[in-house]
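This is input-v5.txt. It holds compact mmCIF, C-alpha atoms.
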# COMPACT_ATOMS: atom_id res chain seq x y z
CA MET K 15 10.93 -5.29 -24.77
CA ILE K 16 9.40 -7.26 -21.97
CA ILE K 17 11.26 -7.81 -18.75
CA LYS K 18 9.99 -10.35 -16.30
CA SER K 19 11.34 -10.07 -12.79
CA ASP K 20 11.43 -12.77 -10.14
CA THR K 21 8.68 -11.00 -8.24
CA GLY K 22 6.30 -11.73 -11.07
CA ILE K 23 6.26 -8.13 -12.19
CA ILE K 24 6.22 -7.66 -15.90
CA THR K 25 7.50 -4.41 -17.20
CA ASN K 26 7.19 -3.22 -20.73
CA THR K 27 9.58 -0.77 -22.16
CA ASP K 28 9.43 0.98 -25.46
CA THR K 29 13.07 1.94 -25.55
CA PRO K 30 15.26 -1.16 -25.74
CA ASN K 31 18.34 -0.78 -23.60
CA LEU K 32 21.24 -2.24 -25.51
CA ILE K 33 23.82 -1.80 -22.82
CA ASP K 34 22.02 -3.84 -20.16
CA SER K 35 24.50 -6.68 -20.36
CA GLN K 36 27.43 -4.29 -20.08
CA LYS K 37 25.90 -2.66 -17.04
CA VAL K 38 25.48 -6.01 -15.33
CA SER K 39 29.10 -6.96 -15.89
CA MET K 40 30.35 -3.66 -14.45
CA ARG K 41 27.92 -3.46 -11.61
CA LYS K 42 28.98 -3.20 -8.01
CA ASN K 43 26.49 -3.13 -5.20
CA PRO K 44 25.26 0.38 -4.53
CA VAL K 45 24.55 1.66 -1.03
CA LYS K 46 20.82 2.06 -0.54
CA ILE K 47 19.66 4.61 1.99
CA ALA K 48 15.96 4.75 2.82
CA ILE K 49 14.50 7.95 4.22
CA ALA K 50 11.43 6.85 6.10
CA SER K 51 8.99 7.66 8.91
CA GLY K 52 5.90 6.19 10.42
CA LYS K 53 3.87 9.38 10.38
CA GLY K 54 3.16 11.25 7.16
CA GLY K 55 4.33 14.84 6.73
CA THR K 56 7.39 14.57 8.98
CA GLY K 57 9.83 15.64 6.23
CA LYS K 58 10.97 12.54 4.33
CA THR K 59 10.84 14.32 0.98
CA PHE K 60 12.52 17.38 2.48
CA ILE K 61 15.49 15.29 3.65
CA SER K 62 15.61 13.13 0.50
CA THR K 63 15.61 16.03 -1.95
CA ASN K 64 18.23 17.98 0.01
CA LEU K 65 20.53 14.96 0.28
CA PHE K 66 20.12 14.33 -3.44
CA ALA K 67 20.90 17.99 -4.20
CA ILE K 68 24.11 18.18 -2.15
CA LEU K 69 25.40 14.85 -3.46
CA SER K 70 24.72 15.98 -7.02
CA GLN K 71 26.67 19.17 -6.40
CA GLN K 72 29.62 17.18 -5.09
CA ASN K 73 29.50 15.17 -8.35
CA ILE K 74 28.79 11.99 -6.44
CA PRO K 75 26.77 9.58 -8.62
CA VAL K 76 23.38 9.22 -6.95
CA SER K 77 19.86 8.18 -7.84
CA LEU K 78 16.76 9.24 -5.99
CA VAL K 79 13.75 6.95 -6.09
CA ASP K 80 10.40 8.40 -5.05
CA CYS K 81 8.83 5.28 -3.55
CA ASP K 82 5.72 7.07 -2.29
CA ALA K 83 3.88 5.64 -5.30
CA GLU K 84 0.45 6.73 -4.08
CA GLU K 85 1.43 10.39 -3.88
CA PRO K 86 4.81 10.98 -5.50
CA ASN K 87 5.95 14.59 -5.13
CA ASP K 88 9.76 14.66 -5.43
CA HIS K 89 9.39 15.74 -9.06
CA PHE K 90 8.35 19.22 -7.91
CA PHE K 91 11.92 19.88 -6.78
CA PHE K 92 13.90 18.92 -9.88
CA ILE K 93 13.96 19.72 -13.53
CA GLY K 94 15.06 16.82 -15.66
CA ASP K 95 14.44 15.14 -18.98
CA LEU K 96 12.15 12.16 -19.04
CA ILE K 97 14.33 9.44 -20.54
CA GLU K 98 12.30 6.34 -19.95
CA GLU K 99 8.79 5.36 -19.02
CA LYS K 100 7.80 1.82 -18.17
CA VAL K 101 4.43 0.32 -17.49
CA VAL K 102 4.21 -2.02 -14.52
CA THR K 103 1.80 -4.86 -14.94
CA VAL K 104 0.77 -7.81 -12.82
CA ARG K 105 -0.78 -11.07 -13.88
CA ILE K 106 -4.32 -11.74 -12.88
CA PRO K 107 -6.44 -14.81 -13.60
CA SER K 108 -9.23 -15.00 -16.11
CA ILE K 109 -11.79 -17.81 -15.87
CA ASN K 110 -13.14 -19.42 -19.02
CA SER K 111 -16.77 -20.18 -18.14
CA GLU K 112 -17.05 -22.84 -20.86
CA SER K 113 -14.27 -25.03 -19.45
CA CYS K 114 -15.17 -24.29 -15.81
CA ARG K 115 -16.88 -27.16 -13.96
CA PHE K 116 -17.77 -24.96 -10.94
CA CYS K 117 -15.86 -27.25 -8.58
CA GLY K 118 -14.85 -24.25 -6.44
CA LYS K 119 -11.28 -25.37 -5.91
CA CYS K 120 -9.82 -22.04 -7.08
CA HIS K 121 -12.14 -20.23 -4.67
CA GLU K 122 -10.93 -22.50 -1.88
CA TYR K 123 -7.25 -21.84 -2.71
CA CYS K 124 -7.67 -18.06 -2.85
CA ASN K 125 -6.52 -16.42 0.36
CA TYR K 126 -7.90 -12.99 -0.54
CA ASN K 127 -11.55 -13.69 -1.37
CA ALA K 128 -10.78 -12.62 -4.92
CA ILE K 129 -12.76 -15.40 -6.59
CA PHE K 130 -16.46 -14.82 -6.35
CA TYR K 131 -18.11 -18.22 -6.43
CA LEU K 132 -21.80 -19.08 -6.28
CA PRO K 133 -22.23 -22.69 -7.44
CA MET K 134 -26.01 -22.74 -7.41
CA HIS K 135 -26.18 -19.58 -9.55
CA HIS K 136 -23.47 -21.07 -11.82
CA GLN K 137 -21.58 -17.90 -11.22
CA ILE K 138 -17.84 -17.53 -10.89
CA SER K 139 -15.72 -14.45 -11.48
CA VAL K 140 -12.43 -12.82 -10.52
CA LEU K 141 -12.61 -9.69 -8.37
CA GLU K 142 -9.56 -8.05 -9.90
CA GLU K 143 -9.05 -5.40 -7.25
CA LEU K 144 -8.71 -8.05 -4.53
CA CYS K 145 -6.31 -10.28 -6.48
CA HIS K 146 -2.69 -10.46 -5.25
CA SER K 147 -1.37 -12.23 -8.38
CA CYS K 148 -0.18 -15.18 -6.34
CA GLY K 149 -1.17 -17.76 -8.99
CA ALA K 150 -2.67 -20.24 -6.50
CA CYS K 151 -5.92 -20.50 -8.49
CA LEU K 152 -4.00 -21.64 -11.59
CA VAL K 153 -2.47 -24.45 -9.57
CA ALA K 154 -5.87 -25.32 -8.11
CA CYS K 155 -7.73 -25.61 -11.41
CA GLY K 156 -7.63 -29.14 -12.78
CA HIS K 157 -9.75 -28.26 -15.83
CA HIS K 158 -7.49 -25.72 -17.58
CA ALA K 159 -10.23 -23.15 -17.18
CA ILE K 160 -7.97 -20.42 -15.77
CA THR K 161 -5.53 -18.42 -17.84
CA GLU K 162 -3.66 -15.26 -16.93
CA LYS K 163 -3.88 -11.80 -18.38
CA GLU K 164 -1.86 -8.71 -17.66
CA MET K 165 -3.21 -5.74 -15.80
CA ASN K 166 -1.55 -2.32 -15.87
CA ILE K 167 -1.09 -1.10 -12.27
CA GLY K 168 1.26 1.86 -12.62
CA HIS K 169 4.24 3.59 -14.20
CA ILE K 170 7.90 4.14 -13.52
CA ARG K 171 9.43 7.29 -14.96
CA THR K 172 13.16 7.88 -15.09
CA PHE K 173 14.46 11.44 -15.38
CA PHE K 174 17.98 12.46 -16.27
CA ILE K 175 19.14 15.23 -13.96
CA LYS K 176 22.82 15.33 -14.89
CA GLU K 177 25.56 12.86 -15.71
CA GLY K 178 25.50 10.15 -13.02
CA ASN K 179 22.36 11.51 -11.38
CA SER K 180 18.91 10.23 -12.10
CA PHE K 181 15.54 10.52 -10.50
CA ILE K 182 13.01 7.70 -10.65
CA GLU K 183 9.37 8.09 -9.83
CA ALA K 184 7.00 5.25 -8.95
CA ARG K 185 3.36 6.07 -9.59
CA VAL K 186 0.55 3.60 -8.99
CA ASN K 187 -2.77 3.89 -10.80
CA ILE K 188 -5.69 5.22 -8.79
CA GLY K 189 -7.78 2.43 -7.31
CA VAL K 190 -5.00 -0.19 -7.28
CA TYR K 191 -5.10 -1.97 -3.96
CA SER K 192 -1.38 -2.12 -3.22
CA PRO K 193 1.51 -0.04 -4.58
CA VAL K 194 4.11 -2.64 -3.54
CA ASN K 195 4.76 -4.10 -7.00
CA VAL K 196 5.26 -0.63 -8.49
CA ILE K 197 7.64 0.34 -5.67
CA LYS K 198 9.69 -2.84 -6.09
CA ALA K 199 9.96 -2.31 -9.84
CA ALA K 200 11.07 1.33 -9.31
CA ILE K 201 13.81 0.34 -6.86
CA LYS K 202 15.03 -2.26 -9.34
CA GLU K 203 15.08 0.40 -12.02
CA ALA K 204 17.67 2.45 -10.13
CA ASP K 205 20.88 1.18 -11.69
CA ASN K 206 23.18 3.66 -10.02
CA GLN K 207 26.31 1.91 -8.85
CA ASN K 208 27.12 4.25 -6.04
CA ILE K 209 24.27 5.59 -3.90
CA ILE K 210 20.53 5.12 -4.15
CA LEU K 211 18.25 7.24 -1.98
CA LEU K 212 14.79 5.82 -1.35
CA ASP K 213 12.16 8.36 -0.37
CA SER K 214 9.85 5.92 1.40
CA PRO K 215 6.07 5.88 1.63
CA PRO K 216 4.55 6.85 5.00
CA GLY K 217 3.04 4.41 7.46
CA THR K 218 4.50 1.12 8.67
CA SER K 219 2.58 -1.31 6.46
CA CYS K 220 3.58 -3.20 3.28
CA PRO K 221 4.72 -0.22 1.13
CA PHE K 222 7.04 0.98 3.94
CA ILE K 223 8.30 -2.53 4.71
CA HIS K 224 9.09 -3.40 1.09
CA THR K 225 11.00 -0.13 0.67
CA VAL K 226 13.13 -0.28 3.83
CA ALA K 227 13.72 -4.04 3.40
CA THR K 228 15.96 -3.29 0.41
CA ALA K 229 17.95 -0.57 2.24
CA ASP K 230 21.40 -0.83 3.84
CA TYR K 231 20.62 2.01 6.22
CA VAL K 232 17.42 3.75 7.25
CA VAL K 233 17.14 7.44 8.14
CA LEU K 234 13.97 7.89 10.16
CA VAL K 235 12.46 11.34 10.15
CA ALA K 236 10.39 12.00 13.26
CA GLU K 237 8.66 14.94 14.87
CA PRO K 238 8.41 15.45 18.64
CA THR K 239 4.61 15.46 18.81
CA PRO K 240 2.34 12.80 20.37
CA PHE K 241 1.34 11.44 16.92
CA GLY K 242 4.94 11.60 15.74
CA MET K 243 6.05 9.71 18.84
CA SER K 244 3.44 6.97 18.45
CA ASP K 245 4.27 6.32 14.79
CA PHE K 246 8.00 6.56 15.42
CA LYS K 247 7.78 3.70 17.94
CA LYS K 248 5.92 1.57 15.39
CA SER K 249 8.54 2.15 12.72
CA ILE K 250 11.32 1.27 15.19
CA GLU K 251 9.53 -2.01 15.95
CA VAL K 252 9.45 -2.88 12.24
CA LEU K 253 13.10 -1.95 11.69
CA LYS K 254 14.18 -4.06 14.67
CA LYS K 255 12.35 -7.05 13.21
CA LEU K 256 13.97 -6.44 9.83
CA ASN K 257 17.33 -6.09 11.56
CA LYS K 258 18.14 -2.81 9.81
CA PRO K 259 20.59 -0.19 11.08
CA TYR K 260 18.98 3.21 11.53
CA GLY K 261 19.36 6.72 12.88
CA VAL K 262 16.87 9.48 13.49
CA ILE K 263 16.42 13.05 12.32
CA ILE K 264 14.13 15.12 14.49
CA ASN K 265 12.32 17.61 12.30
CA LYS K 266 10.30 20.55 13.62
CA SER K 267 12.36 20.07 16.78
CA THR K 268 11.07 23.25 18.41
CA LEU K 269 7.49 21.94 18.45
CA GLY K 270 5.83 19.47 20.80
CA ASN K 271 7.51 18.06 23.89
CA ARG K 272 10.60 16.19 25.08
CA ASN K 273 9.10 12.67 25.07
CA LEU K 274 10.70 11.70 21.77
CA TYR K 275 14.13 12.85 23.01
CA GLU K 276 13.73 10.84 26.20
CA TYR K 277 12.69 7.80 24.17
CA ILE K 278 15.64 7.89 21.78
CA GLU K 279 18.03 8.35 24.69
CA GLN K 280 16.53 5.42 26.54
CA GLU K 281 16.61 3.23 23.41
CA GLN K 282 20.08 4.51 22.50
CA ILE K 283 19.00 5.53 19.01
CA GLU K 284 21.46 7.76 17.21
CA LEU K 285 20.29 11.33 16.64
CA LEU K 286 21.65 12.36 13.24
CA MET K 287 20.24 15.85 12.94
CA GLU K 288 17.74 18.31 14.38
CA ILE K 289 15.80 20.70 12.21
CA PRO K 290 13.91 23.54 13.94
CA TYR K 291 10.41 24.58 12.98
CA GLU K 292 11.15 27.63 10.86
CA SER K 293 8.80 29.39 8.51
CA GLU K 294 11.68 30.07 6.09
CA ILE K 295 12.17 26.34 5.55
CA ALA K 296 8.45 25.79 5.07
CA VAL K 297 8.12 28.67 2.62
CA SER K 298 11.01 27.60 0.40
CA TYR K 299 9.78 24.00 0.48
CA SER K 300 6.27 25.03 -0.53
CA GLU K 301 7.77 26.87 -3.51
CA GLY K 302 9.55 23.72 -4.66
CA LYS K 303 12.97 25.07 -3.70
CA ILE K 304 15.81 23.19 -2.03
CA ILE K 305 16.94 24.89 1.18
CA SER K 306 20.52 23.65 0.85
CA ASP K 307 20.75 25.44 -2.50
CA LEU K 308 19.55 28.66 -0.93
CA HIS K 309 21.56 28.80 2.29
CA PRO K 310 25.20 27.81 2.84
CA LYS K 311 24.29 27.01 6.48
CA TRP K 312 21.87 24.30 5.37
CA HIS K 313 24.18 23.10 2.65
CA LYS K 314 26.84 22.49 5.31
CA ARG K 315 24.41 20.76 7.62
CA PHE K 316 23.27 18.32 4.94
CA GLU K 317 26.90 17.65 4.04
CA ILE K 318 27.57 16.75 7.68
CA LEU K 319 24.48 14.54 7.66
CA TYR K 320 25.78 12.71 4.62
CA GLU K 321 29.20 12.22 6.23
CA GLN K 322 27.51 10.65 9.25
CA ILE K 323 25.46 8.32 7.05
CA LYS K 324 28.53 7.44 4.98
CA GLU K 325 30.35 6.28 8.10
CA LYS K 326 27.49 3.93 8.89
CA THR K 327 27.22 2.49 5.43
CA CYS K 328 30.92 2.01 4.62
CA LYS K 329 31.35 -1.64 3.81
CA MET Q 20 -38.88 -13.88 0.80
CA LYS Q 21 -35.72 -13.99 2.85
CA VAL Q 22 -34.17 -10.85 4.34
CA ALA Q 23 -30.72 -10.70 5.90
CA ILE Q 24 -29.94 -8.29 8.74
CA THR Q 25 -26.44 -7.61 10.01
CA SER Q 26 -26.36 -8.07 13.78
CA THR Q 27 -23.85 -7.43 16.57
CA GLY Q 28 -25.02 -10.53 18.51
CA ASN Q 29 -27.07 -13.69 18.28
CA SER Q 30 -30.30 -12.48 19.85
CA LEU Q 31 -33.31 -10.38 18.84
CA ILE Q 32 -32.32 -7.62 21.24
CA SER Q 33 -28.88 -7.30 19.61
CA LYS Q 34 -28.22 -4.05 17.79
CA VAL Q 35 -27.91 -3.96 14.02
CA ASP Q 36 -24.21 -4.15 13.11
CA GLN Q 37 -22.99 -0.95 11.42
CA ARG Q 38 -20.87 -2.82 8.88
CA PHE Q 39 -21.98 -5.27 6.25
CA GLY Q 40 -18.84 -7.28 5.42
CA ARG Q 41 -17.45 -7.33 8.93
CA CYS Q 42 -20.61 -7.74 11.00
CA ALA Q 43 -20.64 -10.29 13.83
CA TYR Q 44 -23.77 -12.19 12.73
CA PHE Q 45 -26.17 -12.40 9.84
CA VAL Q 46 -29.81 -12.90 10.77
CA ILE Q 47 -31.71 -14.55 7.93
CA TYR Q 48 -35.42 -13.91 8.36
CA ASP Q 49 -38.01 -15.69 6.24
CA THR Q 50 -41.12 -13.51 5.86
CA VAL Q 51 -43.28 -16.48 4.86
CA THR Q 52 -42.38 -19.13 7.44
CA LYS Q 53 -41.22 -16.54 10.07
CA ALA Q 54 -38.17 -18.74 10.58
CA MET Q 55 -35.01 -17.08 11.76
CA GLU Q 56 -31.43 -18.18 11.48
CA PHE Q 57 -28.37 -16.59 13.13
CA ILE Q 58 -25.18 -17.24 11.19
CA PRO Q 59 -21.82 -16.17 12.62
CA ASN Q 60 -19.87 -14.21 10.00
CA ALA Q 61 -16.67 -16.13 9.33
CA GLY Q 62 -15.38 -13.20 7.28
CA ILE Q 63 -15.19 -10.80 10.23
CA HIS Q 64 -11.43 -11.35 10.62
CA ALA Q 65 -10.65 -11.73 6.91
CA GLU Q 66 -7.67 -9.60 5.94
CA GLU Q 67 -9.31 -8.61 2.71
CA GLY Q 68 -12.44 -9.31 0.75
CA ALA Q 69 -14.77 -9.59 3.75
CA GLY Q 70 -17.50 -7.94 1.68
CA SER Q 71 -17.30 -10.38 -1.23
CA ALA Q 72 -17.24 -13.33 1.17
CA ALA Q 73 -20.35 -11.95 2.90
CA VAL Q 74 -22.18 -11.55 -0.42
CA GLN Q 75 -21.41 -15.18 -1.28
CA LEU Q 76 -22.72 -16.31 2.11
CA ILE Q 77 -26.04 -14.46 1.92
CA ALA Q 78 -26.56 -15.19 -1.80
CA SER Q 79 -26.14 -18.91 -1.12
CA ARG Q 80 -29.10 -18.59 1.34
CA LYS Q 81 -31.29 -17.12 -1.44
CA VAL Q 82 -31.65 -13.80 0.35
CA GLU Q 83 -33.41 -11.04 -1.63
CA LYS Q 84 -32.87 -8.05 0.65
CA ILE Q 85 -30.11 -7.10 3.03
CA VAL Q 86 -30.45 -4.58 5.86
CA SER Q 87 -27.33 -2.90 7.24
CA VAL Q 88 -25.89 0.57 7.82
CA GLU Q 89 -22.67 0.78 5.76
CA PHE Q 90 -21.95 -1.17 2.58
CA GLY Q 91 -18.45 -1.19 1.09
CA PHE Q 92 -18.11 0.15 -2.46
CA LYS Q 93 -16.92 -3.20 -3.84
CA VAL Q 94 -20.08 -4.91 -2.63
CA LYS Q 95 -22.62 -2.89 -4.58
CA PRO Q 96 -21.89 -4.25 -8.10
CA LEU Q 97 -21.92 -7.80 -6.73
CA LEU Q 98 -25.28 -7.35 -5.01
CA ASP Q 99 -26.69 -5.58 -8.07
CA SER Q 100 -25.66 -8.45 -10.34
CA LEU Q 101 -27.43 -10.88 -8.02
CA LYS Q 102 -30.48 -8.60 -7.77
CA ILE Q 103 -30.18 -8.42 -3.99
CA GLN Q 104 -31.52 -5.13 -2.68
CA MET Q 105 -29.42 -3.14 -0.20
CA ILE Q 106 -31.34 -1.35 2.52
CA SER Q 107 -29.24 1.12 4.45
CA ILE Q 108 -30.81 2.25 7.72
CA LYS Q 109 -29.92 5.19 9.92
CA GLY Q 110 -29.69 5.29 13.70
CA GLU Q 111 -29.51 2.47 16.22
CA HIS Q 112 -32.06 -0.31 15.99
CA THR Q 113 -32.37 -3.81 17.39
CA VAL Q 114 -32.88 -6.83 15.15
CA GLN Q 115 -36.44 -7.15 16.55
CA GLU Q 116 -37.26 -3.58 15.56
CA ILE Q 117 -36.08 -4.26 12.00
CA ILE Q 118 -38.17 -7.44 11.78
CA ASP Q 119 -41.22 -5.48 13.03
CA MET Q 120 -40.60 -2.87 10.33
CA ILE Q 121 -40.33 -5.58 7.65
CA GLU Q 122 -43.59 -7.14 8.83
CA LYS Q 123 -45.43 -3.79 8.82
CA SER Q 124 -44.32 -2.99 5.31

Translate the structure described by the file into structure tokens.
Amino acid sequence: MIIKSDTGIITNTDTPNLIDSQKVSMRKNPVKIAIASGKGGTGKTFISTNLFAILSQQNIPVSLVDCDAEEPNDHFFFIGDLIEEKVVTVRIPSINSESCRFCGKCHEYCNYNAIFYLPMHHQISVLEELCHSCGACLVACGHHAITEKEMNIGHIRTFFIKEGNSFIEARVNIGVYSPVNVIKAAIKEADNQNIILLDSPPGTSCPFIHTVATADYVVLVAEPTPFGMSDFKKSIEVLKKLNKPYGVIINKSTLGNRNLYEYIEQEQIELLMEIPYESEIAVSYSEGKIISDLHPKWHKRFEILYEQIKEKTCK
Amino acid sequence: MKVAITSTGNSLISKVDQRFGRCAYFVIYDTVTKAMEFIPNAGIHAEEGAGSAAVQLIASRKVEKIVSVEFGFKVKPLLDSLKIQMISIKGEHTVQEIIDMIEKS
């Protein structure tokens, strides 16, 4: 079964899904909550996996999507059955050297320097790793010398955790320039009708933007260190431009200094939760355990966090 | 034979630019005629593919050797296919010093 999405992503699936049409007719819009940060290692996965765990326990239908396609690690925290695996492919051009007249128009149209063109050497080729699959070269070629072929760029794996709860992992192939198409396909794959949690990739560039752009609410996880502060400001700038509602969780709150607190007060950013720097949390996390499963105190705190988020996302 | 040198400026006392694809200027030196040409690198601000654009520029000038410090990994197969030799130098040198070295060898 081949599914073509409007983003030009082609996904192949080996297991035909017969109830797709039924799902579409029943579908209501789920609430998408992105857990994001500018800086890496602030605790996005920690928050995402704990939220997923407490919602699952309350029998609330929820899907977790690990959008950190370059280094997905949410799977360490859950045991589930792999129910579906899809290949994500993109279309890239292929130049037929027999039909090519070496006019250079495709090279001129390409915004990414992905067509290597040396007219006097009679040399023209596609640099696949630079190609963005925009299709401009196909439009440019007046000699029907360019066709498209599919290139495998990553996988999406769906795991069944329990009834109503699924976990979806986006994983891009090593060496692929951008994980964006794999992330988009993974988010689309989450067909939960209630809540979808998006564990976002770090940074504030395209992978982050394309993840939070689909969200109804963004939970930013920050740490009160100089690096944490700098990257937090950048992510706030992006979210303001995207016009997204957001709140902040300060993780490792007993480290660093007060600058982040002063900043969020000045900017009137809502503080959703504070998590101290405790070795117990770090140890359980490093063992792939969920702290809210281990301690009632943390279970309660994540429940309160969810209640706060729910208030913001009630439509 | 023509040799390209990546340069930070458009004079002989300019330092060799550390980067190949995103250098400020290419100096094309002809060892036979001793002619020299300074070409501003239009690819310096390219979002992506500065290396491939730079290879196309120097290959179109029939350059056989290129002197720089760092070459990106995508550039090597392109230069190999065109039989253009990469010469990676260490330390800080001016364009004049490189030309003197080429002449001596």

Write out as a PDB file with C-alpha atoms, in the coordinates of the input each polymer residue whose atoms come within 9 Å of K:Glu292, counting all atoms listed in the file; drop sequence neighbours fewer than 3 positions from it.
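File written: part_19.pdb
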ATOM      1  CA  LYS K 266      10.300  20.550  13.620  1.00  0.00           C
ATOM      2  CA  THR K 268      11.070  23.250  18.410  1.00  0.00           C
ATOM      3  CA  ILE K 289      15.800  20.700  12.210  1.00  0.00           C
ATOM      4  CA  ILE K 295      12.170  26.340   5.550  1.00  0.00           C
ATOM      5  CA  ALA K 296       8.450  25.790   5.070  1.00  0.00           C
ATOM      6  CA  VAL K 297       8.120  28.670   2.620  1.00  0.00           C
TER       7      VAL K 297
END

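Near K:Gly261, within 7 Å and counting only C-alpha atoms, sit Val232, Val233, Leu234, Ile283, Glu284, Leu285 and Leu286 of chain K; same-chain residues fewer than 6 positions away were not included.
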
Close residues, stretch 62-75 of chain Q itself excluded, 9 Å, all atoms listed in the file, min 5 positions apart in chain, as a ChimeraX atom specification: /K:125-132,141,144 /Q:39-43,80,90-91,93-94,97-98

Near-Q:Glu122 list (12 Å; all atoms listed in the file; drop same-chain fewer than 3 positions) as a list in words: Met20, Val22, Tyr48, Asp49, Thr50, Val51, Lys53, Gln115, Glu116, Ile117, Ile118 and Asp119 of chain Q

Nearest candidate to K:Ile160 (options K:Lys46, K:Lys100, K:His313, K:Lys119; using only C-alpha atoms): K:Lys119

Shortest interatomic distance to chain Q - which of K:Gly54, K:Pro238, K:Pro221, K:Pro133, counting only C-alpha atoms: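 Answer, going by the shortest atom-to-atom distance: K:Pro133.
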
For Q:Ile32: contacts at 10 Å, all atoms listed in the file, fewer than 5 positions along chain excluded, given as a PyMOL selection string: chain Q and resi 26-27+112-116

May I have the residues from that selection written out with C-alpha atoms, as a compact mmCIF listing (two decimals), in the coordinates of the input?
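The file below, part-v9.txt, is the result:
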# COMPACT_ATOMS: atom_id res chain seq x y z
CA SER Q 26 -26.36 -8.07 13.78
CA THR Q 27 -23.85 -7.43 16.57
CA HIS Q 112 -32.06 -0.31 15.99
CA THR Q 113 -32.37 -3.81 17.39
CA VAL Q 114 -32.88 -6.83 15.15
CA GLN Q 115 -36.44 -7.15 16.55
CA GLU Q 116 -37.26 -3.58 15.56

Nearest residue to Q:Ser87 from the set Q:Ser107, Q:Ser124, Q:Ser100, Q:Ser33 (distances using only C-alpha atoms): Q:Ser107

Two-atom distance - atom CA of K:Cys151, atom CA of K:Ser139 (Å):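 Interatomic distance, atom CA of K:Cys151 to atom CA of K:Ser139: 11.9 Å.
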
Residue nearest Q:Ile24 - candidates Q:Leu76, Q:Ile85, Q:Ala54, Q:Asn60, atoms counted: only C-alpha atoms: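 Looking at the shortest contact to Q:Ile24, the residue is Q:Ile85.
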
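Taking atom CA of K:Thr228 and atom CA of K:Ser192 as endpoints, the distance between them is 17.8 Å.
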
Counting only C-alpha atoms, the option among Q:Ala78, Q:Pro96, Q:Glu111, Q:Lys123 closest to chain K: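 Of all the options, Q:Ala78 lies closest to chain K.
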
Residue among Q:Gln37, Q:Ser30, Q:Ser79, Q:Thr52 lying closest to chain K, counting all atoms listed in the file: Q:Ser79

Between atom CA of K:Ala227 and atom CA of K:Met165, distance in Å (one decimal):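 Computing it gives 25.7 Å between the two atoms.
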